[in-house]
Amino acid sequence: SYFLLFSFGLLPWPLVYIVICLSVLEHLATELYRMLIIVGRPVLASFSLFLRLGFWPLIAAGAMWLVPEMRVLSNILYFWIFGAILSIAVPAFVIAKQITGFSFGALNWDWIKTGLKITLPFLVGTLCLRAIQTLDRYIMHDLVGADILGAFVFFASLAGLIPAMLQAGVYAFAVPNRLSLAHENDLDAFRNRMRTLRTEISVSVFLLTISVLVCAGLATWFVDNPIYRANYGLLYFVIGANGLFAASMYFHLGLYAMRQDRVLAVSHVCALLAF
């Protein structure tokens with residue numbers, strides 16, 4: 001897939017090693033985040049998510065504001081790699097301090113083969129979901145040009161705070177308990193907790209939407225770009241899309257807890273085909 005991206009000119013060849021390195025680090029960081037959620041460490045998981053998604057952009061923005069010569073794509077990718085490394089190193093250091101007597105042993109290949117079979121539906125579903133979140137940029141560029149695409153990406157980045165904050169502040173704390181109840185087959189308690197989660201999601205999405213609208217207005221005024229002001233209506237579409245995506249995670253959690261992994265993969269494939 002990387003070869004196709006660079007061969008068709010979608011990404012410049014000088015960045016090939018940076019992009020591959022970033023992909024590996026992002027994968028490791030994502031898996032570590034999921035592991036922390038499953039083992040009941042939501043605070044540490046949320047902190048690692050902040051390091052991966054929120055900390056490095058602040059550092060990059062400050063550095064590029066102070067040193068305008070740094071405003072090139074490669075530097076942004078370097079900052080991104082820095083954030084991914086931090087999001088792996090900090091939780092790994094905390095966990096390593098709590099494990100005594102750990103040592104590497106022989107690899108259990110049977111367990112690895114079983115794990116690969118289980119994770120295959122997740123891989124397919126994730127690729128389809130990421131394809132939607134990537135192809136829309138290229139489609140926008142071909143349809144309306146780079147200027148309006150810039151406005152779209154600007155507003156989409158702000159609206160992306162809705163699922164990101166919901167993941168860190170709600171789902172990270174809800175997953176361990178719901179998984180435990182579903183695996184123990186305590187369906188009555190599971191349904192009650194899912195109803196509570198539905199209320200929490202509804203309130204959180206509403207409050208986050210208001211926050212994004214306020215922040216978007218302030219950011220548009222601060223940037224003072226006429227293209228952003230002329231295409232401000234795009235903000236409402238990306239907020240709606242991200243709000244629906246954030247709400248859909250409620251059903252994803254329920255299916256995941258009930259081990260309906262293939263249903264999740266099929267839904268993501270259908271979403272890509274519909275897109």
# chains A, B, ... in the order shown; residues from 1 in each chain; ligands from 1
call {"tool": "residues_around", "arguments": {"residues": "stretch 198-210 of chain A", "least_positions_apart": "2", "cutoff": "9 Å", "atoms": "only C-alpha atoms", "output": "number ranges by chain"}}
result
A: 159, 161-163, 165-166, 170-171, 193-196, 212-215, 239-240, 243, 246-247, 250
call {"tool": "select_by_dssp", "arguments": {"residues": "stretch 65-174 of chain A", "states": "alpha helix (DSSP H)", "output": "VMD selection string"}}
result
chain A and resid 65 to 66 73 to 98 109 to 144 146 to 159 161 to 166 172 to 174
call {"tool": "residues_around", "arguments": {"residues": "A:Ser180", "least_positions_apart": "2", "cutoff": "12 Å", "atoms": "only C-alpha atoms", "output": "PyMOL selection string"}}
result
chain A and resi 38-40+174-178+182-187+189-190+193+254+256-259
call {"tool": "write_last_selection", "arguments": {"atoms": "N, CA, C and O atoms", "output": "PDB file, in the first residue's frame"}}
result
ATOM      1  N   ILE A  38      -8.026  -2.408  28.411  1.00  0.00           N
ATOM      2  CA  ILE A  38      -8.502  -3.750  28.751  1.00  0.00           C
ATOM      3  C   ILE A  38      -8.072  -4.149  30.158  1.00  0.00           C
ATOM      4  O   ILE A  38      -8.843  -4.788  30.896  1.00  0.00           O
ATOM      5  N   VAL A  39      -6.858  -3.767  30.568  1.00  0.00           N
ATOM      6  CA  VAL A  39      -6.365  -4.164  31.893  1.00  0.00           C
ATOM      7  C   VAL A  39      -6.830  -3.207  32.990  1.00  0.00           C
ATOM      8  O   VAL A  39      -6.400  -3.326  34.134  1.00  0.00           O
ATOM      9  N   GLY A  40      -7.688  -2.253  32.629  1.00  0.00           N
ATOM     10  CA  GLY A  40      -8.268  -1.375  33.647  1.00  0.00           C
ATOM     11  C   GLY A  40      -7.384  -0.232  34.076  1.00  0.00           C
ATOM     12  O   GLY A  40      -7.403   0.151  35.250  1.00  0.00           O
ATOM     13  N   ALA A 174     -15.310   3.285  30.499  1.00  0.00           N
ATOM     14  CA  ALA A 174     -16.483   2.415  30.399  1.00  0.00           C
ATOM     15  C   ALA A 174     -16.139   1.014  29.911  1.00  0.00           C
ATOM     16  O   ALA A 174     -16.820   0.047  30.266  1.00  0.00           O
ATOM     17  N   VAL A 175     -15.094   0.883  29.106  1.00  0.00           N
ATOM     18  CA  VAL A 175     -14.807  -0.399  28.457  1.00  0.00           C
ATOM     19  C   VAL A 175     -14.543  -1.530  29.445  1.00  0.00           C
ATOM     20  O   VAL A 175     -15.162  -2.603  29.338  1.00  0.00           O
ATOM     21  N   PRO A 176     -13.644  -1.389  30.436  1.00  0.00           N
ATOM     22  CA  PRO A 176     -13.329  -2.548  31.298  1.00  0.00           C
ATOM     23  C   PRO A 176     -14.549  -3.139  31.998  1.00  0.00           C
ATOM     24  O   PRO A 176     -14.723  -4.361  32.022  1.00  0.00           O
ATOM     25  N   ASN A 177     -15.393  -2.286  32.550  1.00  0.00           N
ATOM     26  CA  ASN A 177     -16.558  -2.772  33.276  1.00  0.00           C
ATOM     27  C   ASN A 177     -17.540  -3.483  32.355  1.00  0.00           C
ATOM     28  O   ASN A 177     -18.058  -4.561  32.676  1.00  0.00           O
ATOM     29  N   ARG A 178     -17.804  -2.900  31.189  1.00  0.00           N
ATOM     30  CA  ARG A 178     -18.759  -3.507  30.247  1.00  0.00           C
ATOM     31  C   ARG A 178     -18.232  -4.828  29.717  1.00  0.00           C
ATOM     32  O   ARG A 178     -18.990  -5.795  29.554  1.00  0.00           O
ATOM     33  N   ALA A 182     -20.133  -8.472  30.250  1.00  0.00           N
ATOM     34  CA  ALA A 182     -20.520  -9.266  29.088  1.00  0.00           C
ATOM     35  C   ALA A 182     -19.875 -10.650  29.128  1.00  0.00           C
ATOM     36  O   ALA A 182     -20.523 -11.659  28.824  1.00  0.00           O
ATOM     37  N   HIS A 183     -18.601 -10.722  29.504  1.00  0.00           N
ATOM     38  CA  HIS A 183     -17.906 -12.003  29.557  1.00  0.00           C
ATOM     39  C   HIS A 183     -18.420 -12.876  30.697  1.00  0.00           C
ATOM     40  O   HIS A 183     -18.340 -14.108  30.616  1.00  0.00           O
ATOM     41  N   GLU A 184     -18.932 -12.254  31.756  1.00  0.00           N
ATOM     42  CA  GLU A 184     -19.518 -13.012  32.855  1.00  0.00           C
ATOM     43  C   GLU A 184     -20.977 -13.393  32.582  1.00  0.00           C
ATOM     44  O   GLU A 184     -21.617 -14.038  33.410  1.00  0.00           O
ATOM     45  N   ASN A 185     -21.476 -12.958  31.414  1.00  0.00           N
ATOM     46  CA  ASN A 185     -22.849 -13.238  30.985  1.00  0.00           C
ATOM     47  C   ASN A 185     -23.897 -12.649  31.928  1.00  0.00           C
ATOM     48  O   ASN A 185     -25.004 -13.168  32.060  1.00  0.00           O
ATOM     49  N   ASP A 186     -23.542 -11.560  32.591  1.00  0.00           N
ATOM     50  CA  ASP A 186     -24.482 -10.845  33.454  1.00  0.00           C
ATOM     51  C   ASP A 186     -25.207  -9.801  32.587  1.00  0.00           C
ATOM     52  O   ASP A 186     -24.917  -8.601  32.628  1.00  0.00           O
ATOM     53  N   LEU A 187     -26.176 -10.278  31.806  1.00  0.00           N
ATOM     54  CA  LEU A 187     -26.790  -9.448  30.775  1.00  0.00           C
ATOM     55  C   LEU A 187     -27.630  -8.315  31.346  1.00  0.00           C
ATOM     56  O   LEU A 187     -27.689  -7.220  30.763  1.00  0.00           O
ATOM     57  N   ALA A 189     -27.173  -6.589  34.190  1.00  0.00           N
ATOM     58  CA  ALA A 189     -26.264  -5.518  34.600  1.00  0.00           C
ATOM     59  C   ALA A 189     -25.602  -4.876  33.389  1.00  0.00           C
ATOM     60  O   ALA A 189     -25.401  -3.654  33.359  1.00  0.00           O
ATOM     61  N   PHE A 190     -25.299  -5.687  32.369  1.00  0.00           N
ATOM     62  CA  PHE A 190     -24.680  -5.151  31.156  1.00  0.00           C
ATOM     63  C   PHE A 190     -25.614  -4.159  30.461  1.00  0.00           C
ATOM     64  O   PHE A 190     -25.189  -3.068  30.046  1.00  0.00           O
ATOM     65  N   ARG A 193     -25.798  -0.878  32.470  1.00  0.00           N
ATOM     66  CA  ARG A 193     -24.600  -0.064  32.302  1.00  0.00           C
ATOM     67  C   ARG A 193     -24.549   0.561  30.906  1.00  0.00           C
ATOM     68  O   ARG A 193     -24.071   1.691  30.741  1.00  0.00           O
ATOM     69  N   GLY A 254     -20.637  -2.239  22.439  1.00  0.00           N
ATOM     70  CA  GLY A 254     -21.543  -3.340  22.752  1.00  0.00           C
ATOM     71  C   GLY A 254     -21.220  -4.596  21.960  1.00  0.00           C
ATOM     72  O   GLY A 254     -21.185  -5.705  22.510  1.00  0.00           O
ATOM     73  N   TYR A 256     -18.334  -5.311  20.520  1.00  0.00           N
ATOM     74  CA  TYR A 256     -17.012  -5.783  20.926  1.00  0.00           C
ATOM     75  C   TYR A 256     -17.098  -6.565  22.234  1.00  0.00           C
ATOM     76  O   TYR A 256     -16.457  -7.619  22.391  1.00  0.00           O
ATOM     77  N   ALA A 257     -17.895  -6.070  23.171  1.00  0.00           N
ATOM     78  CA  ALA A 257     -18.048  -6.758  24.454  1.00  0.00           C
ATOM     79  C   ALA A 257     -18.694  -8.130  24.269  1.00  0.00           C
ATOM     80  O   ALA A 257     -18.373  -9.077  24.997  1.00  0.00           O
ATOM     81  N   MET A 258     -19.593  -8.242  23.292  1.00  0.00           N
ATOM     82  CA  MET A 258     -20.262  -9.523  23.036  1.00  0.00           C
ATOM     83  C   MET A 258     -19.516 -10.376  22.019  1.00  0.00           C
ATOM     84  O   MET A 258     -20.041 -11.355  21.510  1.00  0.00           O
ATOM     85  N   ARG A 259     -18.289  -9.944  21.692  1.00  0.00           N
ATOM     86  CA  ARG A 259     -17.388 -10.694  20.806  1.00  0.00           C
ATOM     87  C   ARG A 259     -17.965 -10.861  19.406  1.00  0.00           C
ATOM     88  O   ARG A 259     -17.779 -11.899  18.762  1.00  0.00           O
TER      89      ARG A 259
END
call {"tool": "residues_around", "arguments": {"residues": "stretch 43-57 of chain A", "least_positions_apart": "6", "cutoff": "6 Å", "atoms": "only C-alpha atoms", "output": "PyMOL selection string"}}
result
chain A and resi 33+36+83-84+87+168
call {"tool": "residues_around", "arguments": {"residues": "A:Ala265", "least_positions_apart": "4", "cutoff": "10 Å", "atoms": "only C-alpha atoms", "output": "PDB file with C-alpha atoms, in the first residue's frame"}}
result
ATOM      1  CA  LEU A 120      -7.805 -10.165  11.099  1.00  0.00           C
ATOM      2  CA  PRO A 121     -11.398  -8.810  11.226  1.00  0.00           C
ATOM      3  CA  PHE A 122     -10.165  -5.834  13.276  1.00  0.00           C
ATOM      4  CA  LEU A 123      -7.448  -5.167  10.682  1.00  0.00           C
ATOM      5  CA  VAL A 124      -9.925  -5.213   7.792  1.00  0.00           C
ATOM      6  CA  GLY A 125     -12.392  -2.998   9.632  1.00  0.00           C
ATOM      7  CA  THR A 126      -9.730  -0.519  10.717  1.00  0.00           C
ATOM      8  CA  LEU A 127      -8.305  -0.229   7.194  1.00  0.00           C
ATOM      9  CA  CYS A 128     -11.775   0.472   5.776  1.00  0.00           C
ATOM     10  CA  LEU A 129     -12.464   3.076   8.450  1.00  0.00           C
ATOM     11  CA  GLN A 260     -19.169  -9.837  17.558  1.00  0.00           C
ATOM     12  CA  ASP A 261     -15.938  -8.814  15.860  1.00  0.00           C
ATOM     13  CA  VAL A 269     -16.600  -2.507   4.895  1.00  0.00           C
ATOM     14  CA  CYS A 270     -20.194  -1.477   4.149  1.00  0.00           C
ATOM     15  CA  ALA A 271     -19.425   2.069   5.263  1.00  0.00           C
TER      16      ALA A 271
END
